[in-house]
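Here is the structure we will look at, set down as structure tokens.
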Amino acid sequence: CTVVLAVEGATGGVDVRGGAPGTRETALLDPVNSVQEIHAVVLSGGSAFGLDAASGTVRWLEESGIGFGVGEIRVPIVAAAILSDLRVGDGTIRPDAECGYEAAATASVAAPSEGNVGAGAGATVGKLAGMSRAMKGGIGTASIQRPDGLIVGALIAVNPLGDVIDPSTGSVIAGVRTEDGRGLADARVLVRESNASPSPSNTVIGVVATNARLTKAQATKVAQMAHDGLARAISPAHTPWDGDTIFTLATGRDGMEAELLEIGALAAEAVSEAILRAVRAAEGLPGIPSVSDLDSSD
């Protein structure tokens, strides 16, 4: 699992586009609802079992005195989403509350690791022809900083049914392999030929964060626009077998103000870049090659 902490509180938003999501506290992020700030987002593998990781993060935050005040009690507000990776390795081993606790306790401001770590440990891509022709996915990050001080970053765990595509070239980077396992079949071609046999073990989940000041409604709009970056870099995206979910965190640090349009557009760019970085940093597993494994076989 991977934990993003906002110990001072941050305005949160979320947009769920996939047809098979697994989430926690997404209703609370609706702009019409009362609580205005959240304190962490947990991304986890393990399918629905992995939602338990958020309970550990809640415990760590409470022990640290962080949360929504209810009298003398602090109630941490922790949103979460999971991806399905039960068919990679031993499906009976899943992230639990202790994992969420340890991830929160060891979180830092250092640049996060990418590839086969955290929520990306069991991630795979390109399962439109089943797991036997999939490739290794992972977790990736990207950040854009403007001269005026605006920062928009993304942390994305990449486990889609579809292929990963470089938006700048339209080329498939990782995805469904050919039947001999040595090349890329291109999911867009498989769909046109009605030649798909999808695996249910999918979902892209992530967090977009900014130092700008946003309302809950604005944070929700940024999450919606961020999905454009997902759709640019993954094809097909938002399928009935993906639970694609993106959260927004806005700290409003130093009173940073920026146009909502610009924040959302930068969020989409950061998401695309983070997706590409995730698969390029991933390391192959037995029977599940990475981008570098396929490149070296040429």
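Starting from 1 in every chain, residues are counted up; chains themselves are A, B, ... following the order of the structure tokens, and ligands are numbered from 1 as listed.
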Polymer residues at most 8 Å from A:Asp244, only C-alpha atoms, same-chain spacing of 3 or more positions, as a PDB file with C-alpha atoms, in the first residue's frame:
ATOM      1  CA  VAL A  16     -14.532   7.592  -9.975  1.00  0.00           C
ATOM      2  CA  ARG A  17     -14.736   6.639 -13.646  1.00  0.00           C
ATOM      3  CA  GLY A  18     -14.204   2.878 -13.709  1.00  0.00           C
ATOM      4  CA  GLY A  19     -17.024   0.356 -13.588  1.00  0.00           C
ATOM      5  CA  ALA A  20     -15.539  -1.797 -10.804  1.00  0.00           C
ATOM      6  CA  PRO A  21     -14.271   0.530  -8.057  1.00  0.00           C
ATOM      7  CA  THR A 203      -7.798  -0.602 -11.971  1.00  0.00           C
ATOM      8  CA  VAL A 204      -5.766   2.612 -12.034  1.00  0.00           C
ATOM      9  CA  ILE A 205      -5.848   4.626  -8.797  1.00  0.00           C
ATOM     10  CA  HIS A 238     -12.564   3.473 -17.606  1.00  0.00           C
TER      11      HIS A 238
END
> Any idea what's packed within 6 Å of stretch 36-50 of chain A, counting only C-alpha atoms, ignoring anything in its chain fewer than 6 positions away? Could you give it as a list in words?
Replying inline: Cys1, Thr2, Val3, Val4, Leu5, Ala6, Val7, Gly9, Ala10, Thr11, Ile77, Val78, Ala79, Ala80, Ala81, Ile82, Leu83, Ser84, Asp85, Leu86, Arg94, Pro95 and Ala119 of chain A
> Hey, which of A:Glu98, A:Glu283, A:Asp90, A:Glu8 ends up closest to A:Ile66? Count only C-alpha atoms.
Replying inline: A:Glu8
>> Nearest residue to A:Ser199 out of A:Thr124, A:Thr220, A:Ser143, A:Thr169, using only C-alpha atoms?
In response: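 Of all the options, A:Thr124 lies closest to A:Ser199.
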> In stretch 75-112 of chain A, what's alpha helix (DSSP H) per DSSP? Answer as a VMD selection string?
Replying inline: chain A and resid 97 to 105
Output of the above residues as a PDB file, in the first residue's frame, restricted to N, CA and C atoms:
ATOM      1  N   ALA A  97      -4.312  -3.734   7.984  1.00  0.00           N
ATOM      2  CA  ALA A  97      -4.235  -2.501   8.760  1.00  0.00           C
ATOM      3  C   ALA A  97      -2.813  -2.195   9.197  1.00  0.00           C
ATOM      4  N   GLU A  98      -2.038  -3.238   9.512  1.00  0.00           N
ATOM      5  CA  GLU A  98      -0.662  -3.014   9.939  1.00  0.00           C
ATOM      6  C   GLU A  98       0.168  -2.394   8.800  1.00  0.00           C
ATOM      7  N   CYS A  99      -0.108  -2.807   7.564  1.00  0.00           N
ATOM      8  CA  CYS A  99       0.576  -2.215   6.418  1.00  0.00           C
ATOM      9  C   CYS A  99       0.268  -0.717   6.314  1.00  0.00           C
ATOM     10  N   GLY A 100      -0.989  -0.363   6.479  1.00  0.00           N
ATOM     11  CA  GLY A 100      -1.377   1.045   6.419  1.00  0.00           C
ATOM     12  C   GLY A 100      -0.767   1.860   7.541  1.00  0.00           C
ATOM     13  N   TYR A 101      -0.631   1.254   8.707  1.00  0.00           N
ATOM     14  CA  TYR A 101      -0.006   1.921   9.850  1.00  0.00           C
ATOM     15  C   TYR A 101       1.468   2.178   9.562  1.00  0.00           C
ATOM     16  N   GLU A 102       2.169   1.145   9.093  1.00  0.00           N
ATOM     17  CA  GLU A 102       3.606   1.269   8.834  1.00  0.00           C
ATOM     18  C   GLU A 102       3.883   2.259   7.696  1.00  0.00           C
ATOM     19  N   ALA A 103       3.030   2.247   6.678  1.00  0.00           N
ATOM     20  CA  ALA A 103       3.219   3.183   5.564  1.00  0.00           C
ATOM     21  C   ALA A 103       3.080   4.622   6.043  1.00  0.00           C
ATOM     22  N   ALA A 104       2.103   4.875   6.915  1.00  0.00           N
ATOM     23  CA  ALA A 104       1.929   6.221   7.463  1.00  0.00           C
ATOM     24  C   ALA A 104       3.099   6.602   8.360  1.00  0.00           C
ATOM     25  N   ALA A 105       3.535   5.666   9.185  1.00  0.00           N
ATOM     26  CA  ALA A 105       4.609   5.946  10.142  1.00  0.00           C
ATOM     27  C   ALA A 105       5.936   6.230   9.460  1.00  0.00           C
TER      28      ALA A 105
END
